[in-house]
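What follows is the content of structure-v1.pdb (PDB, C-alpha atoms).
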```pdb
ATOM      1  CA  MET A  86     -21.576-237.006   1.987
ATOM      2  CA  ASN A  87     -25.098-238.126   2.864
ATOM      3  CA  LYS A  88     -27.625-239.472   0.356
ATOM      4  CA  GLN A  89     -29.320-236.098  -0.006
ATOM      5  CA  GLU A  90     -26.055-234.402  -0.982
ATOM      6  CA  ASP A  91     -25.086-237.342  -3.246
ATOM      7  CA  SER A  92     -28.355-236.971  -5.149
ATOM      8  CA  LEU A  93     -27.939-233.208  -5.456
ATOM      9  CA  GLN A  94     -24.477-233.611  -6.994
ATOM     10  CA  LEU A  95     -25.749-236.379  -9.305
ATOM     11  CA  ILE A  96     -28.475-234.137 -10.749
ATOM     12  CA  LYS A  97     -26.115-231.171 -11.093
ATOM     13  CA  LEU A  98     -23.779-233.391 -13.108
ATOM     14  CA  TYR A  99     -26.705-234.603 -15.218
ATOM     15  CA  TYR A 100     -27.561-231.028 -16.217
ATOM     16  CA  ALA A 101     -23.915-230.027 -16.710
ATOM     17  CA  ASN A 102     -23.532-232.897 -19.182
ATOM     18  CA  PHE A 103     -26.706-231.778 -20.944
ATOM     19  CA  ASN A 104     -25.427-228.222 -21.358
ATOM     20  CA  ASN A 105     -22.093-229.514 -22.669
ATOM     21  CA  LYS A 106     -23.831-231.996 -24.994
ATOM     22  CA  LYS A 107     -22.028-234.879 -23.308
ATOM     23  CA  TYR A 108     -24.942-237.242 -23.812
ATOM     24  CA  LYS A 109     -23.002-240.480 -23.273
ATOM     25  CA  GLU A 110     -21.688-239.200 -19.927
ATOM     26  CA  MET A 111     -25.226-238.082 -19.120
ATOM     27  CA  VAL A 112     -26.592-241.568 -19.831
ATOM     28  CA  ASP A 113     -23.874-243.129 -17.644
ATOM     29  CA  LEU A 114     -25.699-241.579 -14.689
ATOM     30  CA  LEU A 115     -28.854-243.579 -15.478
ATOM     31  CA  SER A 116     -29.909-247.070 -14.435
ATOM     32  CA  GLU A 117     -30.093-249.781 -17.107
ATOM     33  CA  LYS A 118     -33.901-249.753 -16.975
ATOM     34  CA  ILE A 119     -34.301-245.974 -16.800
ATOM     35  CA  ILE A 120     -37.941-244.862 -17.113
ATOM     36  CA  HIS A 121     -38.179-241.827 -19.376
ATOM     37  CA  ASP A 122     -41.569-240.106 -19.086
ATOM     38  CA  ILE A 123     -41.656-237.860 -22.181
ATOM     39  CA  ASN A 124     -43.707-234.679 -22.075
ATOM     40  CA  ASN A 125     -46.852-235.144 -24.222
ATOM     41  CA  GLY A 126     -45.420-238.465 -25.411
ATOM     42  CA  SER A 127     -44.952-242.096 -24.509
ATOM     43  CA  ILE A 128     -42.921-243.697 -21.727
ATOM     44  CA  GLU A 129     -39.639-245.211 -22.888
ATOM     45  CA  ILE A 130     -37.445-247.709 -21.031
ATOM     46  CA  GLY A 131     -33.685-248.244 -21.160
ATOM     47  CA  LYS A 132     -30.390-246.355 -21.447
ATOM     48  CA  GLU A 133     -29.882-246.941 -25.167
ATOM     49  CA  THR A 134     -33.377-245.671 -25.917
ATOM     50  CA  PHE A 135     -32.703-242.588 -23.791
ATOM     51  CA  LEU A 136     -29.426-241.899 -25.617
ATOM     52  CA  GLU A 137     -31.150-242.297 -28.983
ATOM     53  CA  PHE A 138     -33.797-239.811 -27.833
ATOM     54  CA  MET A 139     -31.142-237.244 -26.884
ATOM     55  CA  TYR A 140     -29.313-237.523 -30.213
ATOM     56  CA  ASN A 141     -32.614-237.299 -32.072
ATOM     57  CA  MET A 142     -33.621-234.142 -30.203
ATOM     58  CA  ASP A 143     -30.211-232.632 -30.923
ATOM     59  CA  GLN A 144     -30.957-232.805 -34.651
ATOM     60  CA  TYR A 145     -33.848-230.391 -34.296
ATOM     61  CA  TYR A 146     -33.116-228.213 -31.264
ATOM     62  CA  ASP A 147     -30.096-226.429 -29.841
ATOM     63  CA  GLU A 148     -30.932-226.056 -26.152
ATOM     64  CA  LYS A 149     -29.302-224.887 -22.952
ATOM     65  CA  ILE A 150     -30.429-224.947 -19.329
ATOM     66  CA  ASP A 151     -30.202-221.982 -16.960
ATOM     67  CA  ASN A 152     -31.776-220.617 -13.781
ATOM     68  CA  LEU A 153     -31.606-224.097 -12.260
ATOM     69  CA  SER A 154     -33.183-224.791  -8.867
ATOM     70  CA  ILE A 155     -33.008-228.302  -7.328
ATOM     71  CA  GLN A 156     -34.929-229.759  -4.372
ATOM     72  CA  VAL A 157     -34.015-233.147  -2.863
ATOM     73  CA  SER A 158     -36.002-235.341  -0.461
ATOM     74  CA  GLU A 159     -34.402-236.154   2.892
ATOM     75  CA  ASP A 160     -33.507-239.704   1.873
ATOM     76  CA  GLY A 161     -32.220-238.568  -1.551
ATOM     77  CA  SER A 162     -34.555-240.873  -3.450
ATOM     78  CA  ARG A 163     -36.611-238.168  -5.133
ATOM     79  CA  VAL A 164     -35.491-234.922  -6.756
ATOM     80  CA  SER A 165     -37.433-232.110  -8.390
ATOM     81  CA  SER A 166     -35.966-229.300 -10.434
ATOM     82  CA  GLU A 167     -37.064-226.116 -12.152
ATOM     83  CA  PHE A 168     -35.147-224.308 -14.869
ATOM     84  CA  PHE A 169     -35.274-222.289 -18.071
ATOM     85  CA  VAL A 170     -34.594-223.897 -21.412
ATOM     86  CA  SER A 171     -33.397-221.403 -24.000
ATOM     87  CA  GLY A 172     -33.302-222.881 -27.453
ATOM     88  CA  ILE A 173     -33.180-222.556 -31.217
ATOM     89  CA  TYR A 174     -35.530-224.598 -33.381
ATOM     90  CA  LYS A 175     -32.985-225.353 -36.104
ATOM     91  CA  LYS A 176     -34.497-228.166 -38.198
ATOM     92  CA  THR A 177     -38.133-229.023 -38.864
ATOM     93  CA  ALA A 178     -39.234-231.905 -36.663
ATOM     94  CA  PRO A 179     -41.848-234.459 -37.809
ATOM     95  CA  ARG A 180     -45.468-233.233 -37.480
ATOM     96  CA  LEU A 181     -44.320-229.844 -36.176
ATOM     97  CA  PRO A 182     -44.252-226.345 -37.745
ATOM     98  CA  PRO A 183     -41.388-225.399 -40.093
ATOM     99  CA  ALA A 184     -38.087-224.479 -38.454
ATOM    100  CA  SER A 185     -36.285-221.248 -39.329
ATOM    101  CA  GLU A 186     -33.892-220.739 -36.402
ATOM    102  CA  GLN A 187     -36.725-219.532 -34.125
ATOM    103  CA  GLN A 188     -35.623-218.747 -30.577
ATOM    104  CA  TYR A 189     -37.648-219.802 -27.550
ATOM    105  CA  LEU A 190     -37.495-219.668 -23.765
ATOM    106  CA  LEU A 191     -39.488-222.091 -21.616
ATOM    107  CA  SER A 192     -39.975-222.802 -17.936
ATOM    108  CA  VAL A 193     -39.551-226.534 -17.301
ATOM    109  CA  GLY A 194     -40.135-228.820 -14.335
ATOM    110  CA  CYS A 195     -38.425-232.202 -14.024
ATOM    111  CA  PHE A 196     -38.802-235.059 -11.536
ATOM    112  CA  PHE A 197     -36.274-237.793 -10.808
ATOM    113  CA  GLU A 198     -36.170-241.021  -8.842
ATOM    114  CA  ILE A 199     -32.782-242.274  -7.640
ATOM    115  CA  HIS A 200     -31.733-245.706  -6.394
ATOM    116  CA  ASN A 201     -28.214-246.963  -5.537
ATOM    117  CA  GLY A 202     -26.620-243.809  -6.929
ATOM    118  CA  LYS A 203     -28.298-244.060 -10.330
ATOM    119  CA  ILE A 204     -31.242-242.152 -11.829
ATOM    120  CA  THR A 205     -34.131-244.570 -12.346
ATOM    121  CA  ARG A 206     -36.801-242.154 -13.647
ATOM    122  CA  VAL A 207     -36.773-238.836 -15.548
ATOM    123  CA  SER A 208     -40.046-236.959 -16.112
ATOM    124  CA  ASN A 209     -39.959-233.571 -17.870
ATOM    125  CA  TYR A 210     -42.932-231.211 -18.033
ATOM    126  CA  TYR A 211     -43.315-227.968 -19.982
ATOM    127  CA  ASN A 212     -46.053-226.019 -21.746
ATOM    128  CA  VAL A 213     -46.173-227.265 -25.343
ATOM    129  CA  LYS A 214     -48.796-224.658 -26.274
ATOM    130  CA  GLU A 215     -46.461-221.895 -25.060
ATOM    131  CA  TRP A 216     -43.583-223.357 -27.100
ATOM    132  CA  LEU A 217     -45.748-223.424 -30.235
ATOM    133  CA  GLN A 218     -46.816-219.825 -29.659
ATOM    134  CA  GLN A 219     -43.185-218.769 -29.402
ATOM    135  CA  ILE A 220     -42.052-220.443 -32.626
ATOM    136  CA  MET A 221     -45.111-219.559 -34.722
ATOM    137  CA  PRO A 222     -45.264-216.250 -36.623
ATOM    138  CA  LEU A 223     -47.116-213.447 -34.862
ATOM    139  CA  LYS A 224     -50.533-212.436 -36.170
ATOM    140  CA  ASN A 225     -50.836-209.695 -38.796
ATOM    141  CA  ASN A 226     -47.367-210.619 -40.145
ATOM    142  CA  ILE A 227     -45.599-208.758 -37.344
ATOM    143  CA  MET A 228     -41.864-209.443 -37.358
ATOM    144  CA  ILE A 229     -39.626-209.275 -34.274
ATOM    145  CA  LYS A 230     -35.993-208.281 -34.682
ATOM    146  CA  PRO A 231     -33.313-207.598 -32.017
ATOM    147  CA  LEU A 232     -31.322-204.442 -32.763
ATOM    148  CA  TYR A 233     -27.806-203.531 -31.608
ATOM    149  CA  LYS A 234     -25.565-200.453 -31.945
ATOM    150  CA  GLU A 235     -25.696-199.374 -35.627
ATOM    151  CA  ASP A 236     -29.086-201.010 -36.173
ATOM    152  CA  ILE A 237     -30.445-199.025 -33.231
ATOM    153  CA  LYS A 238     -28.954-195.835 -34.668
ATOM    154  CA  SER A 239     -30.739-196.341 -37.985
ATOM    155  CA  HIS A 240     -34.101-196.629 -36.204
ATOM    156  CA  ILE A 241     -33.635-193.978 -33.512
ATOM    157  CA  ASP A 242     -36.130-191.506 -35.016
ATOM    158  CA  GLU A 243     -38.801-194.200 -35.280
ATOM    159  CA  MET A 244     -38.247-195.224 -31.667
ATOM    160  CA  ALA A 245     -38.438-191.637 -30.458
ATOM    161  CA  LYS A 246     -41.728-191.012 -32.292
ATOM    162  CA  LEU A 247     -43.109-194.312 -31.024
ATOM    163  CA  ARG A 248     -42.353-193.407 -27.395
ATOM    164  CA  ILE A 249     -44.011-189.999 -27.755
ATOM    165  CA  GLU A 250     -47.093-191.556 -29.353
ATOM    166  CA  VAL A 251     -47.578-194.319 -26.786
ATOM    167  CA  PHE A 252     -46.613-192.441 -23.616
ATOM    168  CA  LYS A 253     -49.100-189.644 -24.280
ATOM    169  CA  GLU A 254     -51.740-192.128 -23.074
ATOM    170  CA  TYR A 255     -52.659-193.147 -19.524
ATOM    171  CA  PRO A 256     -50.817-193.630 -17.194
ATOM    172  CA  TYR A 257     -48.043-191.280 -18.395
ATOM    173  CA  PHE A 258     -49.779-188.389 -20.221
ATOM    174  CA  TYR A 259     -46.300-187.542 -21.489
ATOM    175  CA  ASP A 260     -45.838-184.314 -23.432
ATOM    176  CA  GLY A 261     -42.628-185.268 -25.202
ATOM    177  CA  SER A 262     -40.263-183.806 -27.760
ATOM    178  CA  LEU A 263     -38.256-185.515 -30.476
ATOM    179  CA  SER A 264     -34.980-183.910 -29.403
ATOM    180  CA  TYR A 265     -35.343-185.078 -25.801
ATOM    181  CA  GLU A 266     -36.302-188.577 -26.893
ATOM    182  CA  LYS A 267     -33.253-188.962 -29.122
ATOM    183  CA  GLU A 268     -31.013-187.845 -26.268
ATOM    184  CA  TYR A 269     -32.805-190.228 -23.870
ATOM    185  CA  LEU A 270     -32.321-193.157 -26.236
ATOM    186  CA  SER A 271     -28.644-192.385 -26.859
ATOM    187  CA  ASN A 272     -27.651-194.680 -23.962
ATOM    188  CA  TYR A 273     -28.613-197.639 -26.135
ATOM    189  CA  LEU A 274     -26.275-196.406 -28.868
ATOM    190  CA  LYS A 275     -23.327-195.919 -26.522
ATOM    191  CA  SER A 276     -23.570-199.158 -24.560
ATOM    192  CA  PRO A 277     -22.159-202.473 -25.859
ATOM    193  CA  ASN A 278     -24.464-204.135 -23.306
ATOM    194  CA  ALA A 279     -27.808-203.055 -24.734
ATOM    195  CA  THR A 280     -30.445-204.162 -27.201
ATOM    196  CA  VAL A 281     -33.736-202.978 -28.623
ATOM    197  CA  ILE A 282     -36.274-205.648 -29.490
ATOM    198  CA  ALA A 283     -38.220-204.108 -32.350
ATOM    199  CA  ALA A 284     -41.548-205.134 -33.885
ATOM    200  CA  PHE A 285     -42.167-204.320 -37.534
ATOM    201  CA  LYS A 286     -45.239-204.418 -39.743
ATOM    202  CA  GLU A 287     -44.264-204.126 -43.418
ATOM    203  CA  ASN A 288     -41.000-202.354 -42.470
ATOM    204  CA  GLU A 289     -42.785-199.886 -40.167
ATOM    205  CA  MET A 290     -41.778-200.043 -36.499
ATOM    206  CA  ILE A 291     -44.974-200.628 -34.506
ATOM    207  CA  GLY A 292     -43.387-201.547 -31.166
ATOM    208  CA  ALA A 293     -40.101-201.688 -29.295
ATOM    209  CA  ALA A 294     -38.703-202.868 -25.963
ATOM    210  CA  THR A 295     -35.293-202.087 -24.497
ATOM    211  CA  ALA A 296     -32.763-203.892 -22.295
ATOM    212  CA  ILE A 297     -29.443-202.670 -20.932
ATOM    213  CA  LEU A 298     -27.056-203.556 -18.114
ATOM    214  CA  LEU A 299     -28.086-201.385 -15.194
ATOM    215  CA  SER A 300     -24.502-200.097 -14.879
ATOM    216  CA  ASP A 301     -24.954-198.460 -18.318
ATOM    217  CA  SER A 302     -28.416-197.101 -17.612
ATOM    218  CA  TYR A 303     -29.925-193.966 -16.087
ATOM    219  CA  GLU A 304     -29.091-192.523 -12.681
ATOM    220  CA  GLU A 305     -32.736-192.734 -11.603
ATOM    221  CA  ALA A 306     -32.673-196.480 -12.248
ATOM    222  CA  LYS A 307     -29.272-197.046 -10.639
ATOM    223  CA  ALA A 308     -29.760-195.083  -7.411
ATOM    224  CA  PRO A 309     -32.036-197.424  -5.396
ATOM    225  CA  PHE A 310     -29.789-200.425  -6.123
ATOM    226  CA  LEU A 311     -26.558-198.573  -5.364
ATOM    227  CA  LYS A 312     -28.085-197.497  -2.056
ATOM    228  CA  ARG A 313     -28.695-201.159  -1.180
ATOM    229  CA  GLY A 314     -25.209-202.329  -2.188
ATOM    230  CA  TYR A 315     -26.098-204.188  -5.383
ATOM    231  CA  ASN A 316     -23.508-204.763  -8.104
ATOM    232  CA  LEU A 317     -25.048-202.971 -11.083
ATOM    233  CA  ASN A 318     -23.148-205.227 -13.512
ATOM    234  CA  ASN A 319     -25.228-208.147 -12.212
ATOM    235  CA  ILE A 320     -28.567-206.527 -13.059
ATOM    236  CA  MET A 321     -30.312-206.267 -16.424
ATOM    237  CA  TYR A 322     -32.645-203.282 -16.695
ATOM    238  CA  PHE A 323     -35.674-203.599 -18.959
ATOM    239  CA  GLY A 324     -36.532-200.053 -19.970
ATOM    240  CA  ASP A 325     -39.449-199.108 -22.161
ATOM    241  CA  SER A 326     -41.891-201.462 -23.818
ATOM    242  CA  VAL A 327     -44.223-199.696 -26.247
ATOM    243  CA  ILE A 328     -46.679-200.968 -28.848
ATOM    244  CA  ILE A 329     -49.067-198.965 -31.041
ATOM    245  CA  PRO A 330     -52.637-199.571 -29.734
ATOM    246  CA  GLN A 331     -54.025-201.336 -32.817
ATOM    247  CA  PHE A 332     -51.294-203.990 -32.604
ATOM    248  CA  ARG A 333     -51.760-204.860 -28.931
ATOM    249  CA  GLY A 334     -53.160-208.188 -27.782
ATOM    250  CA  LEU A 335     -51.381-210.148 -30.532
ATOM    251  CA  GLY A 336     -48.636-211.645 -28.348
ATOM    252  CA  THR A 337     -46.009-208.990 -29.075
ATOM    253  CA  GLY A 338     -45.562-208.064 -25.397
ATOM    254  CA  HIS A 339     -44.826-211.705 -24.534
ATOM    255  CA  ARG A 340     -42.240-211.906 -27.337
ATOM    256  CA  PHE A 341     -40.610-208.719 -26.035
ATOM    257  CA  PHE A 342     -40.119-210.345 -22.630
ATOM    258  CA  MET A 343     -38.819-213.581 -24.142
ATOM    259  CA  HIS A 344     -36.194-211.875 -26.309
ATOM    260  CA  ARG A 345     -35.066-209.531 -23.545
ATOM    261  CA  GLU A 346     -34.714-212.427 -21.108
ATOM    262  CA  LEU A 347     -32.670-214.350 -23.669
ATOM    263  CA  PHE A 348     -30.453-211.267 -23.919
ATOM    264  CA  ALA A 349     -30.132-211.134 -20.110
ATOM    265  CA  LEU A 350     -29.220-214.826 -19.961
ATOM    266  CA  SER A 351     -26.398-214.223 -22.447
ATOM    267  CA  PHE A 352     -24.573-212.379 -19.619
ATOM    268  CA  LYS A 353     -23.266-214.994 -17.176
ATOM    269  CA  ASN A 354     -22.963-212.400 -14.403
ATOM    270  CA  VAL A 355     -26.598-211.254 -14.562
ATOM    271  CA  ASN A 356     -28.645-212.652 -11.666
ATOM    272  CA  LEU A 357     -31.458-210.097 -11.464
ATOM    273  CA  ILE A 358     -33.794-208.464 -13.983
ATOM    274  CA  THR A 359     -35.641-205.278 -13.129
ATOM    275  CA  PHE A 360     -37.877-202.574 -14.565
ATOM    276  CA  PHE A 361     -40.050-199.839 -13.085
ATOM    277  CA  HIS A 362     -43.432-198.297 -13.816
ATOM    278  CA  VAL A 363     -45.253-195.186 -12.753
ATOM    279  CA  ASP A 364     -47.262-195.633  -9.546
ATOM    280  CA  ARG A 365     -50.584-193.810  -9.932
ATOM    281  CA  ASN A 366     -52.506-195.681  -7.238
ATOM    282  CA  LYS A 367     -51.756-193.211  -4.447
ATOM    283  CA  ASN A 368     -52.463-190.036  -6.429
ATOM    284  CA  PRO A 369     -56.166-188.950  -6.392
ATOM    285  CA  LYS A 370     -55.585-186.862  -9.536
ATOM    286  CA  TYR A 371     -55.639-190.026 -11.649
ATOM    287  CA  LEU A 372     -58.468-191.974 -10.013
ATOM    288  CA  ASN A 373     -60.989-191.192 -12.759
ATOM    289  CA  GLN A 374     -58.570-191.048 -15.697
ATOM    290  CA  LYS A 375     -57.952-194.766 -16.161
ATOM    291  CA  PRO A 376     -59.704-195.918 -19.385
ATOM    292  CA  THR A 377     -62.349-198.608 -18.976
ATOM    293  CA  ASN A 378     -60.599-200.739 -21.630
ATOM    294  CA  TYR A 379     -57.127-200.273 -20.128
ATOM    295  CA  PHE A 380     -55.060-203.457 -20.449
ATOM    296  CA  ASP A 381     -54.038-204.891 -17.088
ATOM    297  CA  ILE A 382     -50.304-204.761 -17.783
ATOM    298  CA  GLU A 383     -49.485-206.194 -14.366
ATOM    299  CA  SER A 384     -51.034-209.522 -15.390
ATOM    300  CA  LEU A 385     -48.428-209.734 -18.178
ATOM    301  CA  TRP A 386     -45.609-209.073 -15.703
ATOM    302  CA  LEU A 387     -46.942-211.630 -13.233
ATOM    303  CA  SER A 388     -47.263-214.238 -15.992
ATOM    304  CA  HIS A 389     -43.529-213.842 -16.610
ATOM    305  CA  ARG A 390     -42.874-214.274 -12.859
ATOM    306  CA  TYR A 391     -41.966-210.715 -11.978
ATOM    307  CA  ALA A 392     -43.050-209.249  -8.659
ATOM    308  CA  PRO A 393     -43.002-205.788  -7.054
ATOM    309  CA  ALA A 394     -39.727-205.186  -5.205
ATOM    310  CA  GLU A 395     -40.832-204.012  -1.781
ATOM    311  CA  GLY A 396     -39.272-200.689  -0.863
ATOM    312  CA  ILE A 397     -37.311-200.279  -4.109
ATOM    313  CA  VAL A 398     -38.653-197.091  -5.664
ATOM    314  CA  THR A 399     -37.331-194.069  -7.503
ATOM    315  CA  THR A 400     -38.605-190.888  -9.127
ATOM    316  CA  PHE A 401     -38.507-189.872 -12.765
ATOM    317  CA  SER A 402     -39.347-186.442 -14.161
ATOM    318  CA  TRP A 403     -41.367-185.552 -17.242
ATOM    319  CA  LYS A 404     -43.908-182.964 -18.333
ATOM    320  CA  GLU A 405     -47.555-183.936 -18.588
ATOM    321  CA  PHE A 406     -49.977-182.150 -20.913
ATOM    322  CA  ASP A 407     -51.610-180.190 -18.080
ATOM    323  CA  GLU A 408     -48.270-179.166 -16.511
ATOM    324  CA  ALA A 409     -46.239-176.046 -17.227
ATOM    325  CA  THR A 410     -42.936-177.799 -16.403
ATOM    326  CA  GLU A 411     -41.603-181.248 -15.542
ATOM    327  CA  SER A 412     -42.504-182.794 -12.198
ATOM    328  CA  GLN A 413     -41.262-185.878 -10.369
ATOM    329  CA  LYS A 414     -43.315-189.058 -10.487
ATOM    330  CA  ALA A 415     -43.017-192.055  -8.175
ATOM    331  CA  MET A 416     -41.793-195.226  -9.914
ATOM    332  CA  GLN A 417     -42.107-198.749  -8.488
ATOM    333  CA  PHE A 418     -39.530-201.420  -9.393
ATOM    334  CA  TRP A 419     -40.439-204.995 -10.271
ATOM    335  CA  THR A 420     -37.804-207.746 -10.250
ATOM    336  CA  LYS A 421     -37.125-211.371 -11.129
ATOM    337  CA  LYS A 422     -34.175-213.265  -9.668
ATOM    338  CA  LEU A 423     -32.055-215.611 -11.766
ATOM    339  CA  LYS A 424     -30.204-218.526 -10.165
ATOM    340  CA  ARG A 425     -27.406-219.056 -12.656
ATOM    341  CA  PHE A 426     -26.196-222.537 -13.508
TER     342      PHE A 426
END
```
Is it possible to express this structure as structure tokens?
Amino acid sequence: MNKQEDSLQLIKLYYANFNNKKYKEMVDLLSEKIIHDINNGSIEIGKETFLEFMYNMDQYYDEKIDNLSIQVSEDGSRVSSEFFVSGIYKKTAPRLPPASEQQYLLSVGCFFEIHNGKITRVSNYYNVKEWLQQIMPLKNNIMIKPLYKEDIKSHIDEMAKLRIEVFKEYPYFYDGSLSYEKEYLSNYLKSPNATVIAAFKENEMIGAATAILLSDSYEEAKAPFLKRGYNLNNIMYFGDSVIIPQFRGLGTGHRFFMHRELFALSFKNVNLITFFHVDRNKNPKYLNQKPTNYFDIESLWLSHRYAPAEGIVTTFSWKEFDEATESQKAMQFWTKKLKRF
């Protein structure tokens, strides 16, 4: 192997040891005078200090790396990596907010220097403000709770009413019925590969977001991917995400994405996440119906690194308030790829 390939394998082993909590084996890959550049902290020197740091962190956080991408310089001396860290804040750390098993999901960048087959520098960078936002309680005492199977069943009426209430607005103008909604949501009761991330305010459901393996989802969602030869068991479909208007802008939408992505990452075979939305841009009927205070939902999707999937579209039928019967609407898919580790 050349130096570039040697360095690639060295860093892969470094992360494999991290995920398996083999910290001594991890430290064996470091030089004696390893430079550890700690995010928002000091610079520490030495293998023993690095090992002490790892054991100390393990007291407070239970973390795992996924979606790993590694880039190596031609001479193998420098390596950069990007990945997700999914974690649980399990014990209160000094000078930090109280721990209560809060989950979090962060994008991290790391830079390495390598000399004579050993790692001589490790520099991690992540958004501390984002981490704090994820572990802190939401405003207005909103509580987030993942629901599965029987829990979903007990809240099915609330979810149905919530969908009708929210989707009557732009851009859907949906004229819904409770009976149809309960039938529509039944997929989440039947599938063992589904969750509903629910938001509650004093035991009242004020928002919900769904996730399900695409193979267990709706034909309209499956069809474009089947046509292109995708394995539907490798795709997580994010269905609806609805929040009552007065509780928007409080960070709930971001939490919905975080919890659904954590759910997707729990399936080792999932390497793509997708959802679709109604495309009103090409229909002149809706040009003057967009509210002036309409939240730019696409900015939320872009901030979570989703992008429109060129050419992947479908149609979905529902009845609008000014329609006598259902009609088909064009739906555009957005996707995010996962490179599993």
Residue contacts of segment 216-226 of chain A (8 Å, all atoms listed in the file) excluding same-chain residues fewer than 5 positions away, as a PDB file with C-alpha atoms, in the frame of the given file:
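Writing the result to part-v1.pdb gives the following:
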```pdb
ATOM      1  CA  TYR A 174     -35.530-224.598 -33.381  1.00  0.00           C
ATOM      2  CA  PRO A 182     -44.252-226.345 -37.745  1.00  0.00           C
ATOM      3  CA  GLN A 187     -36.725-219.532 -34.125  1.00  0.00           C
ATOM      4  CA  GLN A 188     -35.623-218.747 -30.577  1.00  0.00           C
ATOM      5  CA  TYR A 189     -37.648-219.802 -27.550  1.00  0.00           C
ATOM      6  CA  LEU A 190     -37.495-219.668 -23.765  1.00  0.00           C
ATOM      7  CA  LEU A 191     -39.488-222.091 -21.616  1.00  0.00           C
ATOM      8  CA  LYS A 286     -45.239-204.418 -39.743  1.00  0.00           C
ATOM      9  CA  GLU A 287     -44.264-204.126 -43.418  1.00  0.00           C
ATOM     10  CA  LEU A 335     -51.381-210.148 -30.532  1.00  0.00           C
ATOM     11  CA  GLY A 336     -48.636-211.645 -28.348  1.00  0.00           C
ATOM     12  CA  THR A 337     -46.009-208.990 -29.075  1.00  0.00           C
ATOM     13  CA  ARG A 340     -42.240-211.906 -27.337  1.00  0.00           C
TER      14      ARG A 340
END
```
Min atom-atom distance to Asn378 of chain A from the set A:Phe169, A:Phe138, A:Tyr255, A:Tyr391, counting all atoms listed in the file, belongs to A:Tyr255
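Proximity of A:Thr177, A:Ala293, A:Val164, A:Leu423 to Gln144 of chain A, computed with only C-alpha atoms, is greatest for A:Thr177.
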_Expand the PyMOL selection byres ((chain A and resi 238-245) around 8) into the explicit residue set it covers here, and present it as a list in words._
Lys234, Glu235, Asp236, Ile237, Lys246, Leu247, Arg248, Ile249, Leu263, Glu266, Lys267, Leu270, Leu274, Met290 and Ala293 of chain A
One residue among A:Glu383, A:Asp143, A:Asp151, A:Glu133 is nearest to Lys353 of chain A when using all atoms listed in the file, and that residue is A:Asp151
Explicit residues for the PyMOL selection byres ((chain A and resi 208-211) around 8) (as a PyMOL selection string): chain A and resi 121-124+191-197+206-207+212-213
*Which residue, A:Tyr322, A:Asn201, A:Ser116, A:Ser300, has the smallest gap to Lys88 of chain A when you use all atoms listed in the file?*
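Comparing A:Tyr322, A:Asn201, A:Ser116, A:Ser300 against Lys88 of chain A, the winner is A:Asn201.
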Could you expand the PyMOL selection byres ((chain A and resi 96) around 12) into the explicit residues it covers here, written as JSON, numbers by chain? {"A": [89, 90, 91, 92, 93, 94, 95, 97, 98, 99, 100, 101, 102, 103, 111, 112, 114, 115, 153, 154, 155, 156, 157, 161, 162, 163, 164, 165, 166, 167, 195, 196, 197, 198, 199, 202, 203, 204, 205, 206, 207]}
Q. Which residues come within 8 Å of segment 283-285 of chain A, counting only C-alpha atoms, excluding same-chain residues fewer than 4 positions away, as number ranges by chain?
A. A: 227-232, 289-294, 337
#### Entry: Expected answer as a PyMOL selection string: all residues with atoms within 10 Å of (-41.0, -203.4, -12.4), only C-alpha atoms
chain A and resi 322-324+358-363+383+386+391-394+397-398+416-421
Counting all atoms listed in the file, closest pick from A:Gly334, A:Glu215, A:Lys149, A:Leu181 relative to Phe168 of chain A is A:Lys149
In Å and to one decimal, atom CA of His344 of chain A is distant from atom CA of Gly172 of chain A by 11.4 Å
Check your understanding: Within 10 Å of (-50.4, -200.3, -26.2), only C-alpha atoms: residues as JSON, numbers by chain?
Key -> {"A": [250, 251, 252, 254, 291, 292, 326, 327, 328, 329, 330, 331, 332, 333, 334, 338, 379, 380, 382]}
Hey, what's within 9 Å of Pro256 of chain A if we count only C-alpha atoms and toss same-chain stuff fewer than 4 positions away? As a list in words, please?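 My list of contacting residues is Phe252, Val363, Asp364, Arg365, Tyr371, Gln374 and Lys375 of chain A.
The shortest atom-to-atom distance to Lys370 of chain A, with all atoms listed in the file taken into account, belongs to A:Asp407 out of A:Asp407, A:Asp113, A:Glu346, A:Glu395.
Here atom CA of Ala306 of chain A is placed at a distance of 25.4 Å from atom CA of Pro369 of chain A.
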Using the incomplete input, complete segment 116-121 of chain A to the level of N, CA and C atoms; output as a short mmCIF file (atom, residue, chain, number, x, y, z; two decimals), in the coordinates of the input.
```
data_model
loop_
_atom_site.label_atom_id
_atom_site.label_comp_id
_atom_site.auth_asym_id
_atom_site.auth_seq_id
_atom_site.Cartn_x
_atom_site.Cartn_y
_atom_site.Cartn_z
N SER A 116 -29.83 -245.62 -14.64
CA SER A 116 -29.91 -247.07 -14.44
C SER A 116 -30.17 -247.75 -15.78
N GLU A 117 -29.89 -249.05 -15.86
CA GLU A 117 -30.09 -249.78 -17.11
C GLU A 117 -31.54 -249.72 -17.58
N LYS A 118 -32.48 -249.75 -16.64
CA LYS A 118 -33.90 -249.75 -16.98
C LYS A 118 -34.53 -248.39 -16.67
N ILE A 119 -33.81 -247.32 -17.04
CA ILE A 119 -34.30 -245.97 -16.80
C ILE A 119 -35.70 -245.79 -17.40
N ILE A 120 -36.59 -245.19 -16.64
CA ILE A 120 -37.94 -244.86 -17.11
C ILE A 120 -37.92 -243.40 -17.56
N HIS A 121 -38.17 -243.18 -18.83
CA HIS A 121 -38.18 -241.83 -19.38
C HIS A 121 -39.62 -241.46 -19.72
#
```
